[in-house]
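Participant: Handing over run_11.cif, mmCIF, C-alpha atoms.
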```
data_query
loop_
_atom_site.label_atom_id
_atom_site.label_comp_id
_atom_site.auth_asym_id
_atom_site.auth_seq_id
_atom_site.Cartn_x
_atom_site.Cartn_y
_atom_site.Cartn_z
CA MET H 1 -24.81 -21.98 24.02
CA ASN H 2 -26.28 -21.92 20.53
CA CYS H 3 -24.60 -22.78 17.20
CA LYS H 4 -23.80 -19.14 16.31
CA GLU H 5 -21.97 -18.56 19.58
CA ALA H 6 -20.17 -21.89 19.30
CA LYS H 7 -19.03 -21.18 15.73
CA SER H 8 -17.58 -17.80 16.66
CA LEU H 9 -15.78 -19.24 19.70
CA MET H 10 -14.45 -22.46 18.22
CA VAL H 11 -12.18 -20.56 15.83
CA PHE H 12 -10.39 -19.17 18.91
CA TYR H 13 -10.76 -22.33 21.01
CA GLU H 14 -7.17 -22.22 22.30
CA THR H 15 -7.65 -18.71 23.72
CA CYS H 16 -11.07 -19.39 25.29
CA THR H 17 -11.49 -19.58 29.04
CA LEU H 18 -12.01 -22.98 30.67
CA GLU H 19 -15.70 -22.20 31.16
CA GLU H 20 -16.10 -21.32 27.49
CA GLN H 21 -14.25 -24.44 26.38
CA SER H 22 -16.49 -26.53 28.60
CA ALA H 23 -19.61 -24.86 27.17
CA ILE H 24 -18.37 -25.48 23.61
CA ARG H 25 -17.72 -29.16 24.35
CA LYS H 26 -21.17 -29.45 25.90
CA HIS H 27 -22.67 -27.94 22.74
CA PHE H 28 -20.79 -30.45 20.56
CA SER H 29 -22.33 -33.37 22.43
CA ASN H 30 -25.73 -32.10 21.31
CA CYS H 31 -24.85 -30.70 17.86
CA ALA H 32 -23.16 -32.93 15.28
CA ALA H 33 -22.91 -30.12 12.67
CA CYS H 34 -20.81 -27.89 14.95
CA SER H 35 -18.72 -30.89 15.95
CA ILE H 36 -17.92 -31.54 12.26
CA ILE H 37 -16.91 -27.89 11.76
CA PHE H 38 -14.67 -28.07 14.81
CA SER H 39 -13.03 -31.24 13.55
CA GLY H 40 -12.15 -29.32 10.36
CA ILE H 41 -10.66 -26.49 12.41
CA THR H 42 -8.59 -28.97 14.43
CA GLU H 43 -7.31 -30.63 11.26
CA GLN H 44 -6.40 -27.21 9.86
CA LYS H 45 -4.40 -26.38 12.98
CA GLU H 46 -2.49 -29.64 12.71
CA ILE H 47 -1.66 -28.93 9.08
CA ILE H 48 -0.48 -25.41 9.89
CA GLU H 49 1.65 -26.79 12.74
CA GLN H 50 3.25 -29.20 10.27
CA ALA H 51 3.85 -26.37 7.80
CA LYS H 52 5.43 -24.29 10.57
CA ASN H 53 8.00 -27.00 11.20
CA TRP H 54 9.64 -26.18 7.90
CA THR H 55 11.41 -22.84 8.10
CA PRO H 56 13.10 -21.23 5.10
CA GLU H 57 16.82 -20.71 5.57
CA ILE H 58 19.08 -18.06 4.09
CA SER H 59 21.42 -19.80 1.65
CA ASP H 60 24.50 -17.92 2.91
CA PRO H 61 24.01 -15.81 6.07
CA VAL H 62 27.49 -14.23 5.83
CA VAL H 63 26.86 -13.05 2.28
CA PHE H 64 23.46 -11.79 3.37
CA THR H 65 25.01 -9.71 6.19
CA ASN H 66 27.78 -8.44 3.91
CA GLN H 67 25.23 -7.32 1.33
CA VAL H 68 23.26 -5.43 4.00
CA MET H 69 26.43 -3.73 5.25
CA ALA H 70 27.43 -2.86 1.68
CA GLY H 71 23.98 -1.31 1.21
CA LEU H 72 24.54 0.80 4.35
CA SER H 73 27.96 2.01 3.25
CA LYS H 74 26.56 2.95 -0.19
CA ARG H 75 23.87 4.98 1.55
CA ASN H 76 26.43 6.70 3.80
CA GLU H 77 28.64 7.43 0.78
CA ARG H 78 25.72 9.08 -0.98
CA LYS H 79 25.03 11.13 2.14
CA THR H 80 28.62 12.41 2.44
CA ARG H 81 29.36 12.94 -1.30
CA PRO H 82 29.81 16.70 -2.11
CA ASN H 83 27.07 18.12 -4.24
CA ILE H 84 28.68 20.00 -7.17
CA PHE H 85 25.48 21.69 -8.31
CA GLY H 86 24.69 22.65 -4.75
CA SER H 87 28.04 24.39 -4.29
CA ILE H 88 27.68 26.25 -7.63
CA PHE H 89 24.28 27.57 -6.64
CA GLN H 90 25.68 28.68 -3.30
CA TRP H 91 27.99 31.17 -5.11
CA SER H 92 26.53 34.59 -4.11
CA PRO H 93 27.02 36.57 -7.42
CA LEU H 94 25.21 33.80 -9.29
CA GLN H 95 22.45 33.78 -6.72
CA THR H 96 22.03 37.62 -7.03
CA SER H 97 21.95 37.57 -10.81
CA LEU H 98 19.48 34.66 -10.86
CA ALA H 99 17.25 36.50 -8.41
CA GLY H 100 17.43 39.69 -10.59
CA CYS H 101 16.57 37.73 -13.73
CA SER H 102 13.62 36.05 -12.10
CA VAL H 103 12.26 39.41 -10.78
CA PHE H 104 12.62 40.94 -14.28
CA LEU H 105 10.84 38.01 -15.88
CA ALA H 106 8.06 38.14 -13.31
CA LEU H 107 7.53 41.89 -13.85
CA THR H 108 7.52 41.47 -17.64
CA PHE H 109 4.97 38.77 -17.34
CA VAL H 110 2.72 40.87 -15.07
CA ILE H 111 2.88 43.89 -17.40
CA GLU H 112 2.17 41.78 -20.47
CA PHE H 113 -0.73 40.14 -18.73
CA PHE H 114 -2.38 43.46 -17.77
CA SER H 115 -1.83 45.04 -21.17
CA MET H 116 -3.51 42.08 -22.85
CA SER H 117 -6.49 42.10 -20.53
CA LYS H 118 -7.16 45.90 -21.06
CA PRO H 119 -10.23 46.70 -23.37
CA LEU H 120 -9.37 47.98 -26.90
CA GLN H 121 -9.69 51.72 -27.44
CA PRO H 122 -12.12 52.75 -30.28
CA GLN H 123 -10.23 53.81 -33.41
CA SER H 124 -10.61 57.46 -34.48
CA ILE H 125 -11.68 58.29 -38.06
CA VAL H 126 -10.82 61.49 -39.91
CA ARG H 127 -13.65 62.74 -42.16
CA ASN H 128 -13.45 66.09 -43.98
CA GLY H 129 -10.60 67.17 -41.69
CA VAL H 130 -12.65 66.42 -38.55
CA THR H 131 -11.52 63.61 -36.24
CA LEU H 132 -14.40 61.38 -35.29
CA SER H 133 -14.53 58.52 -32.89
CA SER H 134 -15.90 55.24 -34.17
CA ASN H 135 -19.09 55.78 -32.11
CA GLN H 136 -19.71 59.09 -33.86
CA GLU H 137 -19.06 57.46 -37.23
CA GLN H 138 -21.59 54.73 -36.45
CA LEU H 139 -24.12 57.40 -35.50
CA ILE H 140 -23.65 59.18 -38.81
CA GLN H 141 -24.05 55.93 -40.70
CA ALA H 142 -27.25 55.15 -38.85
CA LYS H 143 -28.62 58.63 -39.58
CA ARG H 144 -27.84 58.21 -43.26
CA THR H 145 -29.62 54.90 -43.38
CA ARG H 146 -32.64 56.38 -41.64
CA THR H 147 -32.75 59.36 -44.09
CA ALA H 148 -32.45 57.07 -47.08
CA ARG H 149 -35.28 54.88 -45.79
CA PHE H 150 -37.43 57.96 -45.15
CA SER H 151 -36.87 59.34 -48.69
CA LEU H 152 -37.64 55.95 -50.21
CA GLU H 153 -40.89 55.79 -48.27
CA LYS H 154 -41.69 59.31 -49.53
CA VAL H 155 -41.09 58.32 -53.17
CA ILE H 156 -43.29 55.25 -52.78
CA GLN H 157 -46.00 57.38 -51.20
CA GLN H 158 -45.83 59.91 -54.10
CA GLU H 159 -45.97 57.14 -56.68
CA ASN H 160 -48.97 55.63 -54.90
CA THR H 161 -50.73 59.06 -54.90
CA VAL H 162 -50.05 59.53 -58.64
CA ALA H 163 -51.42 56.05 -59.33
CA LEU H 164 -54.54 56.80 -57.28
CA PHE H 165 -55.16 60.04 -59.25
CA LYS H 166 -54.81 58.15 -62.51
CA ILE H 167 -57.37 55.57 -61.38
CA GLN H 168 -59.80 58.34 -60.30
CA GLU H 169 -59.40 60.05 -63.66
CA MET D 1 30.60 -6.75 21.19
CA HIS D 2 28.77 -10.09 21.45
CA ASP D 3 28.24 -9.68 25.20
CA LEU D 4 26.34 -6.40 24.77
CA THR D 5 22.56 -6.35 25.23
CA GLU D 6 20.29 -5.53 22.34
CA HIS D 7 19.62 -2.07 23.75
CA GLU D 8 23.34 -1.35 24.04
CA LEU D 9 23.89 -2.54 20.48
CA ILE D 10 21.18 -0.13 19.28
CA GLU D 11 22.80 2.69 21.26
CA LYS D 12 26.13 1.95 19.62
CA ALA D 13 24.52 1.67 16.18
CA LEU D 14 22.93 5.07 16.76
CA GLN D 15 26.44 6.45 17.16
CA GLU D 16 27.07 5.26 13.56
CA ASN D 17 28.89 2.13 14.71
CA PRO D 18 28.47 -0.33 11.80
CA LEU D 19 29.88 -3.26 13.75
CA ALA D 20 27.11 -2.98 16.35
CA PHE D 21 24.55 -2.89 13.57
CA ARG D 22 26.19 -5.91 11.97
CA TYR D 23 25.56 -7.89 15.16
CA LEU D 24 21.93 -6.82 15.10
CA VAL D 25 21.65 -8.00 11.48
CA GLU D 26 23.27 -11.33 12.31
CA LYS D 27 20.95 -11.80 15.27
CA HIS D 28 17.69 -11.04 13.47
CA GLN D 29 18.32 -11.97 9.83
CA LYS D 30 16.85 -15.47 10.16
CA MET D 31 13.59 -14.17 11.61
CA THR D 32 13.30 -11.35 9.06
CA TYR D 33 13.98 -13.66 6.12
CA ARG D 34 11.51 -16.25 7.43
CA LEU D 35 8.77 -13.62 7.79
CA ALA D 36 9.40 -12.19 4.32
CA TYR D 37 9.41 -15.69 2.84
CA ARG D 38 6.07 -16.48 4.47
CA PHE D 39 4.57 -13.38 2.89
CA LEU D 40 6.15 -13.64 -0.55
CA ASN D 41 6.71 -17.39 -1.00
CA ASN D 42 9.83 -16.70 -3.06
CA PRO D 43 13.46 -16.94 -1.81
CA ASP D 44 14.87 -14.12 -3.97
CA ASP D 45 12.09 -11.65 -3.16
CA ALA D 46 12.31 -12.62 0.53
CA LYS D 47 16.06 -11.94 0.52
CA ASP D 48 15.68 -8.55 -1.17
CA ILE D 49 12.87 -7.46 1.13
CA SER D 50 14.62 -8.59 4.33
CA GLN D 51 17.81 -6.77 3.30
CA GLU D 52 15.78 -3.67 2.49
CA ALA D 53 14.16 -3.95 5.95
CA PHE D 54 17.58 -3.78 7.62
CA ILE D 55 18.63 -0.81 5.50
CA ARG D 56 15.40 0.95 6.46
CA ILE D 57 16.05 0.13 10.13
CA TRP D 58 19.50 1.73 9.84
CA LYS D 59 18.03 4.79 8.16
CA ASN D 60 15.34 5.25 10.83
CA LEU D 61 17.30 4.09 13.85
CA ASN D 62 16.98 7.53 15.46
CA LYS D 63 13.18 7.08 15.45
CA TYR D 64 13.38 3.84 17.42
CA LYS D 65 11.46 3.90 20.71
CA ALA D 66 13.03 1.88 23.50
CA GLU D 67 9.64 0.85 24.95
CA ILE D 68 8.98 -1.29 21.84
CA LYS D 69 10.91 -4.51 21.36
CA PHE D 70 13.43 -4.28 18.53
CA SER D 71 12.09 -7.51 17.03
CA THR D 72 8.53 -6.05 17.02
CA TRP D 73 9.78 -2.98 15.18
CA LEU D 74 11.55 -5.23 12.70
CA TYR D 75 8.34 -7.24 12.26
CA LYS D 76 6.47 -4.00 11.57
CA ILE D 77 8.92 -2.75 8.95
CA THR D 78 9.25 -6.14 7.22
CA THR D 79 5.46 -6.65 7.16
CA ASN D 80 4.90 -3.21 5.64
CA LEU D 81 7.59 -3.78 3.02
CA CYS D 82 6.13 -7.17 2.12
CA LEU D 83 2.60 -5.80 1.80
CA ASP D 84 3.84 -2.89 -0.33
CA PHE D 85 5.78 -5.29 -2.51
CA LEU D 86 2.77 -7.54 -3.02
CA LYS D 87 0.61 -4.52 -3.84
CA SER D 88 3.06 -2.97 -6.28
CA LYS D 89 3.85 -6.17 -8.14
CA HIS D 90 0.19 -7.09 -8.47
CA HIS D 91 0.93 -10.33 -6.73
CA ARG D 92 -2.48 -10.22 -5.18
CA GLN D 93 -4.22 -12.05 -7.95
CA THR D 94 -6.80 -14.48 -6.74
CA ARG D 95 -5.39 -17.80 -7.73
CA ASN D 96 -7.38 -20.92 -8.03
CA LEU D 97 -5.32 -23.13 -5.79
CA THR D 98 -7.29 -26.25 -6.59
CA THR D 99 -6.22 -26.04 -10.23
CA GLU D 100 -2.56 -25.51 -9.30
CA PHE D 101 -2.50 -28.50 -7.01
CA ARG D 102 -4.50 -30.88 -9.10
CA GLU D 103 -4.25 -34.07 -7.12
CA PRO D 104 -5.86 -34.33 -3.71
CA ARG D 105 -3.29 -34.94 -0.97
CA THR D 106 -3.24 -37.09 2.09
CA LEU D 107 -2.01 -35.82 5.46
CA ILE D 108 1.77 -35.89 5.48
CA THR D 109 4.19 -37.31 7.97
CA PRO D 110 6.45 -34.74 9.63
CA GLU D 111 9.59 -36.75 8.85
CA ASN D 112 9.48 -35.87 5.21
CA ASN D 113 11.08 -32.45 4.86
CA LEU D 114 10.31 -32.13 1.15
CA GLU D 115 6.62 -32.67 1.76
CA GLN D 116 6.72 -30.21 4.64
CA GLN D 117 8.28 -27.67 2.30
CA GLU D 118 5.53 -28.33 -0.22
CA LEU D 119 2.90 -27.97 2.49
CA ALA D 120 4.48 -24.71 3.70
CA ALA D 121 4.51 -23.41 0.12
CA PHE D 122 0.83 -24.26 -0.18
CA ILE D 123 0.00 -22.48 3.10
CA HIS D 124 2.00 -19.38 2.06
CA GLN D 125 0.37 -19.34 -1.35
CA ALA D 126 -3.10 -19.80 0.10
CA ALA D 127 -2.43 -16.95 2.54
CA GLN D 128 -1.67 -14.68 -0.44
CA SER D 129 -5.30 -14.95 -1.52
CA LEU D 130 -6.43 -13.34 1.77
CA THR D 131 -6.78 -9.58 2.15
CA PRO D 132 -3.48 -7.86 3.16
CA LYS D 133 -4.62 -7.37 6.76
CA GLN D 134 -5.91 -10.93 7.07
CA GLN D 135 -2.71 -12.28 5.56
CA ALA D 136 -0.57 -10.23 7.94
CA VAL D 137 -2.60 -11.23 11.00
CA PHE D 138 -2.63 -14.90 9.98
CA ILE D 139 1.14 -15.03 9.37
CA LEU D 140 2.05 -13.11 12.51
CA ARG D 141 -0.34 -14.96 14.80
CA ASP D 142 -0.57 -18.50 13.44
CA LEU D 143 2.77 -18.95 11.72
CA GLU D 144 5.04 -16.66 13.75
CA ASP D 145 3.20 -17.19 17.07
CA LEU D 146 3.37 -13.49 17.95
CA PRO D 147 1.25 -12.39 20.93
CA THR D 148 -1.71 -10.10 20.18
CA GLU D 149 -0.01 -7.10 21.89
CA GLU D 150 2.95 -7.31 19.53
CA ILE D 151 0.67 -7.71 16.49
CA GLU D 152 -1.15 -4.57 17.60
CA VAL D 153 2.15 -2.65 17.52
CA ALA D 154 3.38 -4.27 14.32
CA LEU D 155 0.21 -3.62 12.34
CA GLY D 156 -1.05 -0.54 14.14
CA ILE D 157 -4.55 -1.99 14.65
CA GLY D 158 -6.60 -2.78 17.76
CA SER D 159 -7.23 -6.18 19.30
CA GLY D 160 -10.82 -6.22 17.97
CA ALA D 161 -9.62 -5.77 14.39
CA ILE D 162 -6.97 -8.45 14.91
CA LYS D 163 -9.57 -10.91 16.20
CA SER D 164 -11.96 -10.15 13.35
CA ASN D 165 -9.25 -10.47 10.67
CA LEU D 166 -7.93 -13.66 12.24
CA TYR D 167 -11.42 -15.14 12.34
CA HIS D 168 -11.99 -14.52 8.62
CA ALA D 169 -8.46 -15.59 7.73
CA ARG D 170 -8.78 -18.88 9.60
CA ARG D 171 -12.18 -19.61 8.04
CA ALA D 172 -10.81 -18.90 4.55
CA MET D 173 -7.68 -20.97 5.17
CA GLN D 174 -9.78 -23.83 6.51
CA GLN D 175 -11.78 -23.85 3.29
CA LYS D 176 -8.65 -23.87 1.15
CA ILE D 177 -6.99 -26.59 3.18
CA SER D 178 -10.08 -28.80 3.14
CA GLN D 179 -10.36 -28.28 -0.65
CA TRP D 180 -6.77 -29.34 -1.10
CA TYR D 181 -6.80 -32.29 1.27
CA HIS D 182 -10.39 -33.39 0.85
CA ILE D 183 -10.58 -33.78 4.62
CA PRO D 184 -13.50 -36.08 5.47
CA ALA D 185 -16.04 -34.50 7.78
CA LYS D 186 -16.33 -36.42 11.01
CA PRO D 187 -17.76 -35.30 14.33
CA ILE D 188 -15.51 -35.32 17.39
CA GLN D 189 -16.72 -37.05 20.51
CA TYR D 190 -15.95 -35.14 23.68
CA GLU D 191 -16.05 -36.44 27.16
CA LEU D 192 -17.70 -33.92 29.41
#
```
For this file, produce the structure as structure tokens.
Facilitator:
Amino acid sequence: MNCKEAKSLMVFYETCTLEEQSAIRKHFSNCAACSIIFSGITEQKEIIEQAKNWTPEISDPVVFTNQVMAGLSKRNERKTRPNIFGSIFQWSPLQTSLAGCSVFLALTFVIEFFSMSKPLQPQSIVRNGVTLSSNQEQLIQAKRTRTARFSLEKVIQQENTVALFKIQE
Amino acid sequence: MHDLTEHELIEKALQENPLAFRYLVEKHQKMTYRLAYRFLNNPDDAKDISQEAFIRIWKNLNKYKAEIKFSTWLYKITTNLCLDFLKSKHHRQTRNLTTEFREPRTLITPENNLEQQELAAFIHQAAQSLTPKQQAVFILRDLEDLPTEEIEVALGIGSGAIKSNLYHARRAMQQKISQWYHIPAKPIQYEL
């Protein structure tokens, strides 16, 4: 038996088999270090045995029992006490109306939710008595911008041509 | 009612007979209180927890299995309540025991009850610095002398885990005790 085996067994010396105990004792005769550890373990056991001799006592066992029984009767009382709110909610007209209200609220919520999540319709614009959608209006605006840019380019081009003629002259 | 067996008392208690349950409380209150005290090291907390254990027993009496000893079931419920209490109250603070007990002690004589009480308080306090499982195994095995089979039922762990936790608990306790007592190291001579 080596030191590692002895150390793991000596903690449970009292539950070891006779062969194991004999092997441990044989190891101690050759190993002073393990013997010292075991002496510590033996001392510890003695101290724990001494501590075990003192047992805490209940100051008044009758009061203790009475308090437990009072705790039980309180619990039973709570179990058997009629539940006022429970009996009110068991009244069938109230139950029906509560169910109706909750269905109404749920439906309202669902409708509101879907109406909010729907995409916004484009607003229609009336121009010169003709109803236009916003897309059409945007198209017109874009066309106007393009025309204006084109005419500006034309003016610049004409001015450039006039300037060129003047230089040539 | 006193001549009834424990099993008969439980049967009667199951039929909502408070007197039968009262006898069970009277029979086991000392053991329950002692166990709670060893976990909590405080008489008031031990009283509250042991009373709560009996109330819980009453509440769950219909779940009691006859193949388990009533005392083992009581050990299980009390141990769980104690561990929960220690966890919830943050009692598990690692305390430096050497600073609390400043003066080194000498080994006491068993005649002196006050010193025994002080020694027991030290052991209970030192056990509180172990992990919950180690503390439970140490108290049930070394202080309550419960067999391993009953500890298995009480803690819901296997024999391997019990052995491992007990090993670490005993090593840790040995260190604390030797710190407190300043036990001189001396080899033991064995006759082979």
Participant: Would you write out, as a PDB file with C-alpha atoms, keeping the file's coordinate frame, every residue that the PyMOL selection byres ((chain H) within 6 of (chain D)) captures in this file?
Facilitator:
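Saved the output as out_16.pdb:
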```pdb
ATOM      1  CA  ALA H  32     -23.160 -32.930  15.280  1.00  0.00           C
ATOM      2  CA  SER H  35     -18.720 -30.890  15.950  1.00  0.00           C
ATOM      3  CA  ILE H  36     -17.920 -31.540  12.260  1.00  0.00           C
ATOM      4  CA  GLN H  44      -6.400 -27.210   9.860  1.00  0.00           C
ATOM      5  CA  ALA H  51       3.850 -26.370   7.800  1.00  0.00           C
ATOM      6  CA  TRP H  54       9.640 -26.180   7.900  1.00  0.00           C
ATOM      7  CA  PRO H  56      13.100 -21.230   5.100  1.00  0.00           C
ATOM      8  CA  VAL H  68      23.260  -5.430   4.000  1.00  0.00           C
TER       9      VAL H  68
END
```
Participant: With distances taken over all atoms listed in the file, which of D:Glu11, D:Glu6, D:Asp84, D:Glu150 is nearest to D:Ile68?
Facilitator: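 Among the listed residues, the smallest separation from D:Ile68 belongs to D:Glu150.
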Participant: Taking into account only C-alpha atoms, which residue in the set D:His28, D:Leu14, D:Ser129, D:Lys65 is nearest to D:Leu40?
Facilitator: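 For D:Leu40, the nearest of the candidates is D:Ser129.
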Participant: Would you work out the distance separating atom CA of H:Ile24 from atom CA of H:Asn53, expressed in Å to one decimal?
Facilitator: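 Atom CA of H:Asn53 lies 29.2 Å from atom CA of H:Ile24.
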Participant: Any chance you could resolve the PyMOL selection byres ((chain D and resi 83) around 9) against this file and give the residues as a PyMOL selection string?
Facilitator: chain D and resi 39-40+78-82+84-88+132-133+136
Participant: For atom CA of D:Leu130 and atom CA of H:Glu14, determine how far apart the two atoms are, in Å to one decimal place.
Facilitator: 22.4 Å
Participant: Check the smallest atom-to-atom distance from each of D:Ile162, D:Ala20, D:Ile10, D:Ile151 to H:Met69 using all atoms listed in the file, then report the winner.
Facilitator: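 Nearest candidate to H:Met69 out of D:Ile162, D:Ala20, D:Ile10, D:Ile151: D:Ala20.
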Participant: Grab the atom CA of D:Thr72 to atom CA of D:Leu146 distance for me, in Å with one decimal place.
Facilitator: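 Atom-to-atom, atom CA of D:Thr72 to atom CA of D:Leu146, that is 9.1 Å.
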Participant: Box for stretch 14-26 of chain H - axis-aligned, 3 Å on each of the six sides, all listed atoms - centre and size in Å to one decimal, as lines of an AutoDock Vina configuration file.
Facilitator:
```
center_x = -14.2
center_y = -24.1
center_z = 26.7
size_x = 20.0
size_y = 16.7
size_z = 14.9
```
Participant: Taking into account all atoms listed in the file, which residue in the set H:Cys31, H:Glu159, H:Asp60, H:Gly40 is nearest to H:Lys4?
Facilitator: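 The answer is H:Cys31, which sits nearest to H:Lys4.
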Participant: Mind rebuilding stretch 51-69 of chain D with N, CA, C and O atoms and writing that out as a tab-separated table (two decimals), in the frame of the given file?
Facilitator:
```tsv
chain	number	residue	atom	x	y	z
D	51	GLN	N	16.64	-7.67	3.31
D	51	GLN	CA	17.81	-6.77	3.30
D	51	GLN	C	17.36	-5.31	3.30
D	51	GLN	O	17.93	-4.47	4.00
D	52	GLU	N	16.32	-5.03	2.54
D	52	GLU	CA	15.78	-3.67	2.49
D	52	GLU	C	15.25	-3.26	3.88
D	52	GLU	O	15.39	-2.10	4.28
D	53	ALA	N	14.67	-4.24	4.59
D	53	ALA	CA	14.16	-3.95	5.95
D	53	ALA	C	15.29	-3.50	6.86
D	53	ALA	O	15.14	-2.53	7.62
D	54	PHE	N	16.44	-4.17	6.78
D	54	PHE	CA	17.58	-3.78	7.62
D	54	PHE	C	18.12	-2.40	7.24
D	54	PHE	O	18.50	-1.62	8.10
D	55	ILE	N	18.14	-2.13	5.95
D	55	ILE	CA	18.63	-0.81	5.50
D	55	ILE	C	17.68	0.28	6.00
D	55	ILE	O	18.11	1.35	6.45
D	56	ARG	N	16.38	-0.03	5.97
D	56	ARG	CA	15.40	0.95	6.46
D	56	ARG	C	15.53	1.15	7.98
D	56	ARG	O	15.35	2.24	8.49
D	57	ILE	N	15.83	0.05	8.67
D	57	ILE	CA	16.05	0.13	10.13
D	57	ILE	C	17.23	1.07	10.40
D	57	ILE	O	17.14	1.95	11.26
D	58	TRP	N	18.29	0.90	9.66
D	58	TRP	CA	19.50	1.73	9.84
D	58	TRP	C	19.18	3.20	9.59
D	58	TRP	O	19.61	4.08	10.33
D	59	LYS	N	18.39	3.41	8.55
D	59	LYS	CA	18.03	4.79	8.16
D	59	LYS	C	17.18	5.47	9.24
D	59	LYS	O	17.30	6.66	9.49
D	60	ASN	N	16.29	4.68	9.86
D	60	ASN	CA	15.34	5.25	10.83
D	60	ASN	C	15.68	4.90	12.27
D	60	ASN	O	14.80	4.95	13.14
D	61	LEU	N	16.91	4.54	12.51
D	61	LEU	CA	17.30	4.09	13.85
D	61	LEU	C	17.08	5.17	14.91
D	61	LEU	O	16.77	4.87	16.06
D	62	ASN	N	17.20	6.42	14.50
D	62	ASN	CA	16.98	7.53	15.46
D	62	ASN	C	15.52	7.66	15.87
D	62	ASN	O	15.20	8.31	16.86
D	63	LYS	N	14.61	7.03	15.11
D	63	LYS	CA	13.18	7.08	15.45
D	63	LYS	C	12.76	5.90	16.34
D	63	LYS	O	11.60	5.78	16.71
D	64	TYR	N	13.71	5.03	16.63
D	64	TYR	CA	13.38	3.84	17.42
D	64	TYR	C	13.02	4.21	18.86
D	64	TYR	O	13.72	4.99	19.50
D	65	LYS	N	11.88	3.64	19.33
D	65	LYS	CA	11.46	3.90	20.71
D	65	LYS	C	11.82	2.69	21.56
D	65	LYS	O	11.46	1.55	21.22
D	66	ALA	N	12.50	2.97	22.67
D	66	ALA	CA	13.03	1.88	23.50
D	66	ALA	C	11.92	1.04	24.15
D	66	ALA	O	12.16	-0.12	24.50
D	67	GLU	N	10.72	1.61	24.29
D	67	GLU	CA	9.64	0.85	24.95
D	67	GLU	C	9.10	-0.28	24.06
D	67	GLU	O	8.41	-1.18	24.55
D	68	ILE	N	9.40	-0.22	22.76
D	68	ILE	CA	8.98	-1.29	21.84
D	68	ILE	C	10.16	-2.25	21.65
D	68	ILE	O	11.30	-1.80	21.53
D	69	LYS	N	9.84	-3.53	21.59
D	69	LYS	CA	10.91	-4.51	21.36
D	69	LYS	C	11.49	-4.31	19.96
D	69	LYS	O	10.75	-4.02	19.01
```
